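What follows is a set of notes on a single structure, which appears directly below.
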Amino acid sequence: MDYEKLISPGAAQMRPSGIRKFFDIAAERKDCITLGVGEPDFKTPWSIREAGIKSLERGRTFYTSNSGLLELREEIAKYLNRRFNLHYSPKTEMLVTVGGSEAIDACIRALVSPGDEVLIPEPSFVCYHPITTLVGGTPVPIPLKNENAFRLTAEELKAAITPRTKLLIFPFPCNPTGAVMRQQHLEEIAEVLRGTNITVLSDEIYAELTYGNTPHVSIASLPGMAERTVVVNGFSKSHAMTGWRLGYACGPAPLIAAMTKIHQAAIMCAPTTSQYAAIVAMRDCDDEVVAMRDEYNMRRRFMMKRFEEMQLPCFEPEGAFYVFPDIRGCGLSSEDFCTTLLNESNVAVVPGNAFGDSGEGFVRISYAYSLQHLAEATKRIEQFLKKRRNA
Amino acid sequence: MDKLLTIMEANARLSLEEMAAMLGEAPEAVAKRIDEYAKDGVIRGTRTLINWEKVGGNGVQALIDVRVSPKKGHGFDEIAEMISMLDEVDGVMLMSGGYDLSVSISGATFQDVAMFVSRRLSPLDDVLSTATHFVLRTYKKDGALYGFENKDERESATL
């Protein structure tokens with residue numbers, strides 16, 4: 001059979017992730033250390049794990065309602081209110097999903113028709129683009145700039161909007177750049193969007209990981225924005241729960257209803273064990289979240305210090321757990337830099353262009369690793385840079 | 001609690017500049033605090049954790065539960081300090097529960113440890129009884145894993 005012809009055009013056109021090959025090589029090599037992983041190195045806090053175990057002991061092994069356990073949704077509502085001043089009805093404006101990823105998928109499917117344009121600020125998480133093409137939408141990348149600290153500006157947004165613009169992906173705090181949109185930046189973006197029919201998919205999965213004096217601000221908390229925003233969040237990054245696969249979407253009731261229909265057909269409900277565990281995460285784990293954030297922050301500062309010492313330019317990231325140094329001074333493309341670094345120094349990092357063309361000239365380095373690991377990796381990178389500069 | 005101490009406890013080889021960067025402080029301020037902590041006896045020393053088993057030079061370690069009779073006016077301090085001064089002794093802690101002092105010691109052979117207990121520790125006037133437990137294997141000590149590694153089990157997923 002000619003399998004190529006069997007694959008639907010939508011699926012065939014999905015852009016594959018450009019990251020895998022580096023990890024595949026890295027995994028096979030002895031003594032190779034990676035700074036590539038995009039998930040916390042912390043284990044899930046014990047009280048959350050215990051709640052999962054207890055739910056199994058009690059035999060809670062059934063489906064939950066499609067939208068998720070009401071008790072969990074109520075806790076999420078309280079949490080969002082407490083942390084980010086967001087107000088959602090647990091019954092009509094919330095859907096518990098299989099990770100933030102499913103929420104993103106359901107949101108794009110529910111909103112985007114063939115021909116619709118989806119604005120995707122880049123560099124950013126790799127899934128927005130392929131899901132958009134899968135449903136026949138047209139991804140419209142907005143290249144973000146290093147000189148703007150990789151923030152989306154009102155001018156960039158205005159220039160990208162056309163009559164066909166349906167959805168704006170709003171991925172802040174940003175993977176891979178660590179960029180954060182503060183209140184004043186959000187006001188400018190909101191001003192452009194108010195009065196349009198554009199919906200915002202605000203991917204706030206890194207909301208708990210912002211560094212600095214002010215906590216994360218959700219664009220949905222600005223006047224007139226909740227009615228046009230779907231907030232996506234989850235437990236993976238904030239509570240180190242990646243493997244539990246649990247996230248959620250909040251937004252206007254009609255949009256959540258449409259997403260819930262997709263979720264019902266495709267998923268049924270998010271994993272029950274994970275939902276019981278997540279109730280504890282929402283209710284009792286603010287201190288654990290703070291402790292992890294503090295640890296990431298120390299590592300972030302450590303990395304910036306090391307980059308300064310090795311004269312590798314890097315804008316100071318204010319969120320997530322990535323740094324995104326500018327490697328253009330090395331005279332190598334992002335891919336060549338990563339390949340050479342891997343071959344010569346046994347360190348795996350991710351080329352910036354894997355997150356969109358505008359990531360070219362940068363690499364993504366994760367600091368979700370122990371300090372010892374980071375110290376060894378940065379030592380190797382420093383030696384690598386020295387050798388190249390002397391060559 | 002000063003985060004500086006937590007950082008130093010976990011990692012003795014960070015430079016002053018690195019620690020200052022991690023804390024978001026000036027190196028001078030951090031250096032001053034380290035000096036003060038040393039002067040005040042908060043910082044008791046800096047050592048390297050070594051898994052002696054790997055280089056065949058482990059010797060024998062033991063934990064000894066010691067019951068003592070406390071002295072009027074001095075409580076347990078006098079006898080505890082006296083035991084602490086013995087060179088063979090690695091650690092002395094006053095415990096709650098069924099005995100009073102937990103004494104850790106290391107020697108080249110079982111014989112060494114036995115001799116220490118019978119000739120030096122037991123004869124002390126205030127020592128009422130001892131119970132010696134030999135360490136068979138160390139899995140974790142001072143926060144470090146011994147004999148097995150904590151593997152990074154994260155697999156590559158799309159990011």
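Ligands are numbered from 1 in the order shown, residues from 1 within each chain, and chains are lettered A, B, ... in the order they appear in the structure tokens.
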Define the interface residues of chain B facing chain A as those within 10 Å, counting only C-alpha atoms, and report them as a VMD selection string. chain B and resid 3 7 10 to 11 13 to 14 17 to 24 152 to 159
Could you dump the residues just selected with C-alpha atoms as a compact mmCIF listing (two decimals), in the first residue's frame?
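Generated output (part16.txt):
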# COMPACT_ATOMS: atom_id res chain seq x y z
CA LYS B 3 19.41 31.14 51.82
CA ILE B 7 23.32 27.09 49.14
CA ALA B 10 24.47 21.88 49.32
CA ASN B 11 27.45 23.06 47.31
CA ARG B 13 32.52 24.61 45.43
CA LEU B 14 30.51 27.53 44.16
CA GLU B 17 30.47 35.50 42.69
CA GLU B 18 28.23 32.60 41.71
CA MET B 19 26.58 32.47 45.11
CA ALA B 20 26.08 36.22 45.07
CA ALA B 21 24.50 35.99 41.61
CA MET B 22 22.18 33.22 42.73
CA LEU B 23 21.01 35.31 45.66
CA GLY B 24 20.79 38.49 43.63
CA ASP B 152 17.28 11.32 35.45
CA GLU B 153 14.33 9.39 34.13
CA ARG B 154 12.90 12.15 32.02
CA GLU B 155 12.46 11.04 28.43
CA SER B 156 12.44 13.31 25.44
CA ALA B 157 9.03 14.58 24.48
CA THR B 158 8.08 17.36 22.10
CA LEU B 159 8.65 20.55 23.87
I want to know what sits within 10 Å of A:Leu186, based on only C-alpha atoms, with residues of the same chain fewer than 2 positions away left out; could you give that as an mmCIF file with C-alpha atoms, in the first residue's frame?
data_model
loop_
_atom_site.group_PDB
_atom_site.id
_atom_site.type_symbol
_atom_site.label_atom_id
_atom_site.label_comp_id
_atom_site.auth_asym_id
_atom_site.auth_seq_id
_atom_site.Cartn_x
_atom_site.Cartn_y
_atom_site.Cartn_z
ATOM 1 C CA ARG A 151 7.596 40.456 24.044
ATOM 2 C CA LEU A 152 4.729 40.945 21.637
ATOM 3 C CA THR A 153 4.240 44.635 20.900
ATOM 4 C CA ALA A 154 1.007 46.343 19.927
ATOM 5 C CA VAL A 180 7.087 37.661 30.325
ATOM 6 C CA MET A 181 4.395 40.213 29.530
ATOM 7 C CA ARG A 182 3.922 42.577 32.479
ATOM 8 C CA GLN A 183 0.761 44.514 33.184
ATOM 9 C CA GLN A 184 1.738 47.546 31.092
ATOM 10 C CA GLU A 188 -1.273 47.735 25.056
ATOM 11 C CA ILE A 189 -2.168 44.355 23.568
ATOM 12 C CA ALA A 190 -5.650 44.434 25.110
ATOM 13 C CA GLU A 191 -6.249 47.873 23.616
ATOM 14 C CA VAL A 217 -0.728 38.788 35.222
ATOM 15 C CA SER A 218 -3.260 37.051 32.999
ATOM 16 C CA ILE A 219 -4.458 38.997 29.987
ATOM 17 C CA ALA A 220 -7.943 37.703 30.881
ATOM 18 C CA SER A 221 -7.867 39.754 34.079
ATOM 19 C CA LEU A 222 -7.807 43.035 32.126
#
I'd like the neighbourhood of stretch 54-66 of chain B as number ranges by chain, where a residue qualifies if any of its atoms comes within 10 Å (using only C-alpha atoms), though same-chain residues fewer than 6 positions away should be ignored. B: 89-95, 98-114, 117, 121-122, 127-138, 146-147
Would you return as a PyMOL selection string the members of stretch 146-252 of chain A that DSSP assigns to helix (DSSP H, G or I) on this structure's backbone? chain A and resi 146-148+154-160+183-193+219-221+226-228+242-244
If you keep C-alpha atoms, can you produce a file of those selected residues as a PDB file, in the first residue's frame?
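Writing done, so here's part.pdb:
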ATOM      1  CA  ASN A 146      15.414  40.022  21.061  1.00  0.00           C
ATOM      2  CA  GLU A 147      15.561  43.817  21.439  1.00  0.00           C
ATOM      3  CA  ASN A 148      11.970  43.778  22.765  1.00  0.00           C
ATOM      4  CA  ALA A 154       1.007  46.343  19.927  1.00  0.00           C
ATOM      5  CA  GLU A 155       2.557  47.414  16.610  1.00  0.00           C
ATOM      6  CA  GLU A 156       3.586  43.870  15.728  1.00  0.00           C
ATOM      7  CA  LEU A 157       0.109  42.637  16.570  1.00  0.00           C
ATOM      8  CA  LYS A 158      -1.658  45.357  14.582  1.00  0.00           C
ATOM      9  CA  ALA A 159       0.512  44.692  11.550  1.00  0.00           C
ATOM     10  CA  ALA A 160      -0.387  40.990  11.589  1.00  0.00           C
ATOM     11  CA  GLN A 183       0.761  44.514  33.184  1.00  0.00           C
ATOM     12  CA  GLN A 184       1.738  47.546  31.092  1.00  0.00           C
ATOM     13  CA  HIS A 185       2.609  45.377  28.090  1.00  0.00           C
ATOM     14  CA  LEU A 186      -0.687  43.550  28.398  1.00  0.00           C
ATOM     15  CA  GLU A 187      -2.656  46.812  28.473  1.00  0.00           C
ATOM     16  CA  GLU A 188      -1.273  47.735  25.056  1.00  0.00           C
ATOM     17  CA  ILE A 189      -2.168  44.355  23.568  1.00  0.00           C
ATOM     18  CA  ALA A 190      -5.650  44.434  25.110  1.00  0.00           C
ATOM     19  CA  GLU A 191      -6.249  47.873  23.616  1.00  0.00           C
ATOM     20  CA  VAL A 192      -5.648  46.464  20.121  1.00  0.00           C
ATOM     21  CA  LEU A 193      -7.957  43.491  20.697  1.00  0.00           C
ATOM     22  CA  ILE A 219      -4.458  38.997  29.987  1.00  0.00           C
ATOM     23  CA  ALA A 220      -7.943  37.703  30.881  1.00  0.00           C
ATOM     24  CA  SER A 221      -7.867  39.754  34.079  1.00  0.00           C
ATOM     25  CA  ALA A 226     -12.213  37.681  29.801  1.00  0.00           C
ATOM     26  CA  GLU A 227     -15.040  37.645  27.244  1.00  0.00           C
ATOM     27  CA  ARG A 228     -12.573  37.094  24.388  1.00  0.00           C
ATOM     28  CA  THR A 242       4.048  16.393  33.836  1.00  0.00           C
ATOM     29  CA  GLY A 243       3.444  12.648  33.828  1.00  0.00           C
ATOM     30  CA  TRP A 244       0.006  12.991  35.403  1.00  0.00           C
TER      31      TRP A 244
END
Give me the residues within 8 Å of A:Ala253 as a PyMOL selection string, counting only C-alpha atoms and dropping any in the same chain fewer than 3 places off. chain A and resi 92-94+256-257
Please determine, counting only C-alpha atoms, which residue among A:Pro139, A:Gly329, A:Pro45, A:Pro114 has the shortest atom-to-atom distance to A:Ala291. A:Pro45
Which polymer residues have any atom within 8 Å of an atom of B:Ile79, counting only C-alpha atoms, with same-chain residues fewer than 2 positions away left out, as a VMD selection string? chain B and resid 68 70 76 to 77 81 to 83 126
Report as a PyMOL selection string: the residues of stretch 115-354 of chain A with a DSSP assignment of strand (DSSP E or B), based on the backbone of this structure. chain A and resi 117-122+138-143+165-170+199-203+210+229-234+247-250+319+322-323+326+347-348+350-351
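Atom to atom, atom CA of B:Asp40 and atom CA of B:Glu88 stand 26.5 Å apart.
Distances here use only C-alpha atoms; by that measure, the residue among A:Cys107, A:Ala258, A:Val96, A:Ile381 closest to A:Leu72 is A:Val96.
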Could you tell me how far atom CA of A:Leu119 sits from atom CA of A:Arg164, in Å to one decimal place? 10.4 Å
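Compared by their closest atoms to A:Ala270, and using only C-alpha atoms, the residues A:Thr34, A:Ser89, A:Thr97, A:Ser358 rank with A:Thr97 nearest.
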So how far away is atom CA of B:Ala26 from atom CA of B:Lys39, in Å? 20.3 Å
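Compared by their closest atoms to A:Thr64, and using only C-alpha atoms, the residues A:Cys330, A:Leu167, A:Ala106, A:Met268 rank with A:Met268 nearest.
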